[in-house]
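Novice: Data file run34.txt (compact mmCIF, C-alpha atoms) is appended below.
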# COMPACT_ATOMS: atom_id res chain seq x y z
CA MET G 300 -178.88 -113.33 103.67
CA ARG G 301 -182.59 -112.45 103.20
CA LEU G 302 -182.62 -110.33 106.34
CA GLN G 303 -185.85 -108.70 107.42
CA TYR G 304 -186.08 -105.05 108.38
CA PRO G 305 -189.16 -102.85 108.89
CA THR G 306 -191.00 -101.95 105.69
CA ASN G 307 -191.44 -98.33 106.80
CA VAL G 308 -187.71 -97.67 106.24
CA ARG G 309 -187.28 -96.07 102.86
CA VAL G 310 -183.73 -96.41 101.60
CA ILE G 311 -182.32 -93.59 99.50
CA GLN G 312 -179.00 -94.58 97.98
CA LEU G 313 -176.14 -92.15 97.70
CA PRO G 314 -172.65 -92.72 96.32
CA CYS G 315 -171.21 -91.76 99.75
CA SER G 316 -172.82 -90.56 102.98
CA GLY G 317 -170.79 -87.36 102.42
CA ARG G 318 -173.15 -86.59 99.53
CA VAL G 319 -176.07 -86.16 101.89
CA ASP G 320 -177.09 -82.54 102.19
CA ILE G 321 -178.70 -80.61 105.03
CA LEU G 322 -181.48 -79.79 102.58
CA HIS G 323 -182.15 -83.49 101.79
CA LEU G 324 -182.56 -84.18 105.50
CA LEU G 325 -184.74 -81.12 106.18
CA ARG G 326 -186.97 -81.83 103.17
CA ALA G 327 -187.67 -85.30 104.53
CA PHE G 328 -188.90 -83.74 107.79
CA GLU G 329 -190.79 -81.09 105.83
CA ASP G 330 -192.64 -83.88 104.03
CA GLY G 331 -193.57 -85.43 107.34
CA ALA G 332 -190.96 -88.14 107.90
CA ASP G 333 -191.13 -89.26 111.53
CA GLY G 334 -187.42 -89.97 111.66
CA VAL G 335 -184.42 -89.85 109.34
CA TYR G 336 -181.07 -91.56 109.72
CA VAL G 337 -177.91 -91.59 107.69
CA ALA G 338 -176.08 -94.91 107.38
CA GLY G 339 -172.44 -94.21 106.61
CA CYS G 340 -169.31 -96.31 106.56
CA MET G 341 -167.22 -96.91 109.67
CA GLU G 342 -165.17 -93.90 110.76
CA GLY G 343 -161.72 -94.12 109.23
CA ASP G 344 -162.96 -96.37 106.42
CA CYS G 345 -164.34 -93.74 104.04
CA HIS G 346 -163.25 -94.38 100.45
CA PHE G 347 -163.23 -90.59 100.03
CA LEU G 348 -161.46 -90.16 103.39
CA THR G 349 -163.88 -87.87 105.22
CA GLY G 350 -167.33 -88.32 103.62
CA ASN G 351 -168.85 -90.05 106.65
CA LEU G 352 -167.31 -87.49 109.04
CA LYS G 353 -168.82 -84.65 107.00
CA ALA G 354 -172.18 -86.44 107.00
CA ALA G 355 -172.03 -86.69 110.79
CA ARG G 356 -171.47 -82.92 111.06
CA LYS G 357 -174.46 -82.24 108.78
CA VAL G 358 -176.58 -84.57 110.89
CA GLU G 359 -175.54 -82.59 113.98
CA TYR G 360 -176.52 -79.35 112.23
CA VAL G 361 -179.96 -80.71 111.38
CA LYS G 362 -180.39 -81.85 114.99
CA THR G 363 -179.82 -78.25 116.13
CA VAL G 364 -182.38 -76.98 113.59
CA LEU G 365 -184.93 -79.54 114.83
CA SER G 366 -184.28 -78.52 118.44
CA GLU G 367 -184.79 -74.86 117.54
CA LEU G 368 -188.11 -75.82 115.94
CA GLY G 369 -189.22 -77.73 119.04
CA ILE G 370 -188.91 -81.14 117.37
CA GLU G 371 -187.08 -83.98 119.16
CA PRO G 372 -183.49 -84.06 117.78
CA GLU G 373 -183.50 -87.85 118.33
CA ARG G 374 -185.59 -88.07 115.18
CA MET G 375 -182.35 -87.49 113.27
CA GLU G 376 -179.41 -89.85 113.75
CA MET G 377 -176.24 -91.05 112.09
CA PHE G 378 -175.09 -94.67 112.21
CA ASN G 379 -171.79 -96.09 111.07
CA MET G 380 -171.59 -99.61 109.66
CA SER G 381 -169.55 -101.34 107.02
CA SER G 382 -171.09 -102.49 103.75
CA ALA G 383 -170.24 -106.05 104.81
CA GLU G 384 -172.48 -105.76 107.86
CA GLY G 385 -175.89 -106.73 106.50
CA PRO G 386 -177.17 -107.98 109.87
CA ARG G 387 -176.09 -104.69 111.51
CA PHE G 388 -178.00 -102.74 108.83
CA ALA G 389 -181.18 -104.69 109.60
CA GLU G 390 -180.60 -104.30 113.34
CA VAL G 391 -180.17 -100.50 113.07
CA ALA G 392 -183.33 -100.28 110.95
CA GLN G 393 -185.25 -102.14 113.66
CA GLU G 394 -183.75 -100.19 116.54
CA PHE G 395 -184.29 -96.79 114.94
CA THR G 396 -187.85 -97.67 113.92
CA GLN G 397 -188.52 -98.73 117.50
CA ALA G 398 -187.02 -95.52 118.90
CA ILE G 399 -189.15 -93.41 116.54
CA LYS G 400 -192.29 -95.40 117.37
CA GLU G 401 -191.67 -94.59 121.01
CA LEU G 402 -191.43 -90.89 120.14
CA GLY G 403 -194.68 -91.10 118.18
CA PRO G 404 -195.58 -89.39 114.90
CA SER G 405 -193.74 -86.25 113.82
CA PRO G 406 -195.55 -83.03 114.76
CA VAL G 407 -195.21 -82.10 111.07
CA PRO G 408 -198.11 -83.59 109.14
CA ALA G 409 -197.13 -85.93 106.29
CA ALA G 410 -197.30 -84.60 102.74
CA GLN G 411 -200.26 -85.78 100.69
CA ALA G 412 -199.31 -88.19 97.92
CA ALA G 413 -199.53 -86.48 94.52
CA MET N 287 -166.15 -59.87 102.01
CA ILE N 288 -168.93 -59.02 104.44
CA ILE N 289 -169.44 -61.79 106.98
CA GLY N 290 -172.69 -62.57 108.72
CA ASP N 291 -174.36 -65.05 111.05
CA SER N 292 -177.82 -66.52 110.75
CA LYS N 293 -180.31 -65.15 113.22
CA PRO N 294 -181.88 -67.73 115.55
CA LEU N 295 -184.90 -69.39 113.94
CA GLU N 296 -187.03 -68.37 116.89
CA GLU N 297 -186.30 -64.69 116.20
CA ILE N 298 -187.17 -65.04 112.51
CA LEU N 299 -190.37 -66.96 113.32
CA GLU N 300 -191.37 -64.18 115.69
CA MET N 301 -190.77 -61.57 112.97
CA ILE N 302 -192.99 -63.29 110.43
CA GLU N 303 -195.70 -64.36 112.86
CA GLY N 304 -199.15 -63.65 111.46
CA ARG N 305 -197.77 -62.92 107.99
CA ASP N 306 -199.09 -65.55 105.61
CA LYS N 307 -197.07 -65.35 102.44
CA VAL N 308 -193.34 -65.11 103.04
CA LEU N 309 -190.39 -64.82 100.67
CA VAL N 310 -186.88 -65.78 101.77
CA LEU N 311 -184.59 -63.64 99.65
CA GLY N 312 -180.93 -64.58 99.20
CA CYS N 313 -178.00 -62.73 97.69
CA ARG N 314 -175.27 -64.15 95.46
CA GLY N 315 -172.67 -61.70 96.78
CA CYS N 316 -170.57 -61.89 99.95
CA VAL N 317 -173.15 -63.85 101.95
CA THR N 318 -173.08 -66.67 99.40
CA VAL N 319 -169.30 -66.89 99.74
CA CYS N 320 -169.46 -66.94 103.55
CA ASN N 321 -172.25 -69.56 103.45
CA VAL N 322 -174.93 -67.61 105.24
CA GLY N 323 -177.23 -66.08 102.65
CA GLY N 324 -176.89 -67.76 99.26
CA GLU N 325 -179.27 -70.03 97.34
CA LYS N 326 -178.37 -73.01 99.53
CA GLU N 327 -179.04 -71.15 102.77
CA VAL N 328 -182.29 -69.77 101.32
CA GLY N 329 -183.38 -73.39 100.78
CA ILE N 330 -182.42 -74.41 104.31
CA LEU N 331 -184.08 -71.43 106.03
CA ALA N 332 -187.24 -71.70 103.90
CA SER N 333 -187.47 -75.42 104.62
CA ALA N 334 -187.05 -74.82 108.37
CA LEU N 335 -189.73 -72.11 108.31
CA ARG N 336 -192.12 -74.40 106.40
CA ILE N 337 -191.52 -77.19 108.93
CA ALA N 338 -192.30 -74.73 111.76
CA ARG N 339 -195.49 -73.60 110.08
CA LYS N 340 -196.69 -77.08 109.21
CA LYS N 341 -196.01 -78.11 112.80
CA GLU N 342 -198.31 -75.31 114.01
CA GLY N 343 -200.95 -76.23 111.42
CA GLN N 344 -200.43 -73.00 109.49
CA PRO N 345 -200.22 -72.80 105.69
CA PRO N 346 -196.55 -73.27 104.86
CA SER N 347 -196.44 -70.56 102.19
CA VAL N 348 -192.74 -69.75 102.31
CA GLU N 349 -191.16 -69.20 98.91
CA GLU N 350 -187.55 -68.88 97.84
CA MET N 351 -185.64 -66.49 95.59
CA THR N 352 -181.99 -65.51 95.25
CA ILE N 353 -180.83 -62.50 93.32
CA GLU N 354 -177.40 -61.52 92.06
CA ARG N 355 -176.87 -58.77 94.63
CA GLN N 356 -179.13 -56.98 97.07
CA CYS N 357 -176.90 -53.90 97.10
CA ASP N 358 -177.60 -52.85 93.49
CA PRO N 359 -180.96 -51.44 92.39
CA GLU N 360 -181.01 -53.25 89.03
CA TYR N 361 -181.14 -56.64 90.76
CA ILE N 362 -183.69 -55.47 93.36
CA GLU N 363 -185.83 -54.53 90.36
CA GLU N 364 -186.22 -58.24 89.55
CA LEU N 365 -188.70 -58.37 92.42
CA ALA N 366 -190.91 -55.67 90.91
CA GLU N 367 -193.69 -57.98 89.75
CA VAL N 368 -193.81 -60.17 92.84
CA ALA N 369 -192.71 -58.14 95.88
CA GLU N 370 -196.15 -56.87 96.82
CA GLU N 371 -197.63 -60.37 96.72
CA TYR N 372 -195.77 -61.15 99.94
CA ASP N 373 -196.77 -60.29 103.49
CA ALA N 374 -193.11 -60.48 104.51
CA ILE N 375 -189.74 -60.66 102.82
CA VAL N 376 -186.90 -62.13 104.90
CA SER N 377 -183.66 -60.89 103.39
CA ILE N 378 -180.63 -62.97 104.24
CA ALA N 379 -178.17 -60.52 102.71
CA CYS N 380 -175.98 -58.22 104.82
CA GLY N 381 -177.71 -55.24 106.45
CA VAL N 382 -177.65 -53.41 103.10
CA GLY N 383 -180.07 -55.90 101.52
CA PRO N 384 -183.18 -55.43 103.68
CA GLN N 385 -182.73 -51.65 103.45
CA PHE N 386 -182.41 -51.56 99.66
CA VAL N 387 -185.40 -53.91 99.32
CA SER N 388 -187.61 -51.94 101.71
CA GLU N 389 -186.60 -48.62 100.13
CA ARG N 390 -187.64 -49.91 96.69
CA TYR N 391 -190.83 -51.63 97.93
CA PRO N 392 -192.00 -49.37 100.79
CA LEU N 393 -195.34 -51.16 101.25
CA VAL N 394 -193.76 -54.55 101.90
CA ALA N 395 -192.58 -55.61 105.36
CA VAL N 396 -188.90 -56.57 105.06
CA PHE N 397 -187.02 -58.41 107.82
CA PRO N 398 -183.32 -59.20 108.25
CA GLY N 399 -182.64 -62.93 108.51
CA ILE N 400 -178.95 -62.57 109.36
CA ASN N 401 -176.79 -60.46 111.63
CA THR N 402 -174.01 -58.71 109.73
CA THR N 403 -170.89 -59.12 111.80
CA PHE N 404 -167.69 -57.89 110.12
CA MET N 405 -165.51 -57.47 107.06
CA GLY N 406 -163.03 -60.25 106.73
CA GLY N 407 -161.83 -63.31 104.91
CA ALA N 408 -161.70 -67.10 105.26
CA THR N 409 -158.52 -68.49 106.80
CA GLU N 410 -159.79 -71.99 106.11
CA HIS N 411 -163.07 -73.55 104.96
CA GLY N 412 -165.66 -72.61 107.58
CA VAL N 413 -163.49 -70.11 109.48
CA TRP N 414 -163.72 -66.35 108.91
CA VAL N 415 -161.71 -63.64 110.58
CA GLU N 416 -162.05 -59.88 110.82
CA ARG N 417 -159.47 -57.95 108.80
CA CYS N 418 -160.90 -54.50 108.09
CA GLN N 419 -162.92 -51.94 109.97
CA SER N 420 -163.40 -49.54 107.03
CA CYS N 421 -161.70 -46.66 108.89
CA GLY N 422 -161.45 -44.84 105.58
CA ASN N 423 -157.69 -44.26 105.66
CA CYS N 424 -155.72 -47.45 105.07
CA LEU N 425 -152.29 -47.58 106.74
CA VAL N 426 -151.52 -51.31 106.78
CA HIS N 427 -148.30 -50.86 104.78
CA ASN N 428 -146.76 -49.14 107.81
CA PHE N 429 -147.39 -52.17 109.98
CA GLY N 430 -146.06 -55.04 107.91
CA GLY N 431 -149.36 -55.44 106.10
CA LEU N 432 -151.29 -56.10 109.31
CA CYS N 433 -154.06 -53.77 110.42
CA PRO N 434 -153.82 -52.55 114.02
CA ILE N 435 -157.20 -50.83 113.72
CA ALA N 436 -159.24 -53.94 112.95
CA ARG N 437 -157.07 -56.53 114.63
CA CYS N 438 -155.95 -54.87 117.87
CA SER N 439 -158.71 -54.99 120.49
CA LYS N 440 -157.92 -51.36 121.37
CA SER N 441 -157.16 -50.27 117.79
CA LEU N 442 -153.80 -48.99 119.03
CA MET N 443 -151.62 -47.16 116.52
CA ASN N 444 -148.60 -47.31 118.84
CA GLY N 445 -148.54 -50.78 120.33
CA PRO N 446 -148.27 -53.24 121.83
CA CYS N 447 -149.93 -52.41 125.12
CA GLY N 448 -149.02 -54.02 128.43
CA GLY N 449 -151.72 -56.65 128.06
CA SER N 450 -149.91 -58.66 125.41
CA ALA N 451 -148.68 -61.99 126.82
CA SER N 452 -147.08 -64.88 124.95
CA GLY N 453 -148.26 -63.41 121.68
CA ASN N 454 -151.89 -63.24 122.75
CA CYS N 455 -154.24 -60.42 123.64
CA GLU N 456 -155.38 -59.96 127.22
CA ILE N 457 -159.03 -60.25 126.19
CA SER N 458 -158.65 -63.93 125.29
CA LYS N 459 -155.99 -66.57 124.78
CA ASP N 460 -157.64 -67.25 121.42
CA VAL N 461 -157.06 -63.72 120.13
CA PRO N 462 -153.55 -63.20 118.80
CA CYS N 463 -151.95 -59.85 119.66
CA VAL N 464 -151.61 -58.17 116.28
CA TRP N 465 -148.92 -55.87 117.66
CA HIS N 466 -146.85 -58.92 118.59
CA GLN N 467 -147.33 -60.11 115.01
CA ILE N 468 -146.46 -56.67 113.63
CA VAL N 469 -143.19 -56.54 115.58
CA ASP N 470 -142.27 -60.10 114.51
CA LYS N 471 -143.09 -59.37 110.87
CA MET N 472 -141.27 -56.04 110.75
CA ALA N 473 -138.22 -57.65 112.42
CA ALA N 474 -138.25 -60.47 109.86
CA MET N 475 -138.42 -57.88 107.08
CA GLY N 476 -135.53 -55.88 108.60
CA ARG N 477 -137.81 -52.87 109.06
CA LEU N 478 -138.03 -52.79 112.86
CA GLN N 479 -136.71 -49.23 113.04
CA GLU N 480 -139.83 -48.01 111.18
CA LEU N 481 -141.85 -48.86 114.28
CA GLU N 482 -140.04 -46.07 116.14
CA THR N 483 -142.37 -43.64 114.39
CA VAL N 484 -144.86 -42.31 116.90
CA TRP N 485 -148.25 -42.00 115.29
CA PRO N 486 -150.34 -38.98 116.27
CA ASN N 487 -154.00 -39.39 117.13
CA LYS N 488 -155.83 -40.92 114.18
CA ASN N 489 -158.39 -38.76 112.45
CA TRP N 490 -161.55 -40.82 112.77
CA LEU N 491 -163.62 -38.45 110.63
CA THR N 492 -163.03 -40.76 107.65
CA SER N 493 -164.50 -43.61 109.68
CA ARG N 494 -168.07 -43.90 110.98
CA ASP N 495 -167.32 -41.12 113.46
CA GLY N 496 -167.76 -38.64 110.61
CA GLY N 497 -171.35 -39.83 110.09
CA PRO N 498 -172.79 -42.00 107.29
CA ARG N 499 -170.51 -42.04 104.28
CA THR N 500 -171.30 -41.53 100.61
CA ARG N 501 -168.94 -42.07 97.72
CA VAL N 502 -169.54 -40.32 94.41
CA ARG N 503 -167.63 -41.02 91.22
CA GLU N 504 -168.47 -38.14 88.89
CA ASP N 505 -167.05 -40.01 85.89
CA LEU N 506 -169.45 -42.93 86.44
CA LYS N 507 -172.52 -41.09 87.68
CA GLN N 508 -175.36 -40.79 85.20
In structure tokens, write the structure found in this file.
Specialist:
Amino acid sequence: MRLQYPTNVRVIQLPCSGRVDILHLLRAFEDGADGVYVAGCMEGDCHFLTGNLKAARKVEYVKTVLSELGIEPERMEMFNMSSAEGPRFAEVAQEFTQAIKELGPSPVPAAQAA
Amino acid sequence: MIIGDSKPLEEILEMIEGRDKVLVLGCRGCVTVCNVGGEKEVGILASALRIARKKEGQPPSVEEMTIERQCDPEYIEELAEVAEEYDAIVSIACGVGPQFVSERYPLVAVFPGINTTFMGGATEHGVWVERCQSCGNCLVHNFGGLCPIARCSKSLMNGPCGGSASGNCEISKDVPCVWHQIVDKMAAMGRLQELETVWPNKNWLTSRDGGPRTRVREDLKQ
């Protein structure tokens, strides 16, 4: 398909979105990520039944932590798409990047490269 | 186990304001099991505190440590070489933890990171309910195994009261009336007549009303 999506999106692969942990998401913000999103399967289509639903609840938790810290909760989102939806993946990457660009840089300075 | 709730981040940030080097101290006891103060929660709280500090341009020196139990001196001793390096220790154990830590390290400022709420158990993953009030004189066997002290809003020994409706307590539709449950259970067990016993006033001296409690086992004491 050779679809284009913004180069600033860094993909971290997990066996299931349910594997994502609150700590993974917080550490990304701690290291200065301007936005983080979890791309999980469509609701009802999880191979492990509820992985994507659990991921969504963790995303909600992180949003509350960000709010408590005075950081826009919109910097953290969850999107559902099927693995057969390449164009949707690229579209979400573009849309989320655009939304984060509108919010501006994270108030947490980026970590220095080692 | 002892159940707790995380304190709001804002309250913790206020506590440690102006204190540079902070340790978030977890406990592998009850608070690990009720997902509020174990190694995982230490990581989450420490990460949130570092984000807050970085955001304000302050040095994010928040470190993490989890010990076996904060209610036993031998584990508190593990902090001996490092405790005084910190300007603040945030203990996310039950209320016993910050007290044991500050008693052992009197020069270090120790803060509670959680609110200890009750003694209870998990009815399902993520749901905890109160089951014991440590009254010091257990009588649950007289009430079908259900505790009217901890589970009745009025701690009635001779219930139910007139506020019980459709099996629920008058304080909230979400609170089951334990006396309704006691009567149902005793009836199912064929022991309903036992509830005709009228209980005299309970002696609360064994509870907190008798002042702080100490338990000594002479055979174990060294």
Novice: For chain N against chain G, which residues fall within 12 Å using only C-alpha atoms, given as a ChimeraX atom specification?
Specialist: /N:292-299,325-346
Novice: So which residues touch N:Arg494 within 12 Å, counting only C-alpha atoms, skipping near sequence neighbours fewer than 5 positions away, as a PyMOL selection string?
Specialist: chain N and resi 419-423+489+499-500
Novice: Could you dump the residues just selected with C-alpha atoms as a CSV table (one decimal), in the frame of the given file?
Specialist:
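This is the output file result.csv:
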chain,number,residue,atom,x,y,z
N,419,GLN,CA,-162.9,-51.9,110.0
N,420,SER,CA,-163.4,-49.5,107.0
N,421,CYS,CA,-161.7,-46.7,108.9
N,422,GLY,CA,-161.4,-44.8,105.6
N,423,ASN,CA,-157.7,-44.3,105.7
N,489,ASN,CA,-158.4,-38.8,112.4
N,499,ARG,CA,-170.5,-42.0,104.3
N,500,THR,CA,-171.3,-41.5,100.6
Novice: Find the residues near N:Arg314: any atom within 10 Å, counting all atoms listed in the file, skip ones fewer than 3 places away on the same chain, and give them as a list of chain:residue names.
Specialist: N:Val317, N:Thr318, N:Val319, N:Gly323, N:Gly324, N:Glu325, N:Thr352, N:Ile353, N:Glu354, N:Arg355, N:Gln356, N:Ala379
Novice: Do a neighbour search on stretch 348-351 of chain G at 7 Å with all atoms listed in the file, toss out local chain neighbours closer than 5 positions, and write the hits as a PyMOL selection string.
Specialist: chain G and resi 315-317+339-340+342
Novice: Report, in Å with one decimal, the straight-line distance from atom CA of N:Cys447 to atom CA of N:Cys463.
Specialist: 9.4 Å
Novice: Interatomic distance between atom CA of N:Cys320 and atom CA of N:Glu416?
Specialist: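 Taking atom CA of N:Cys320 and atom CA of N:Glu416, their separation equals 12.6 Å.
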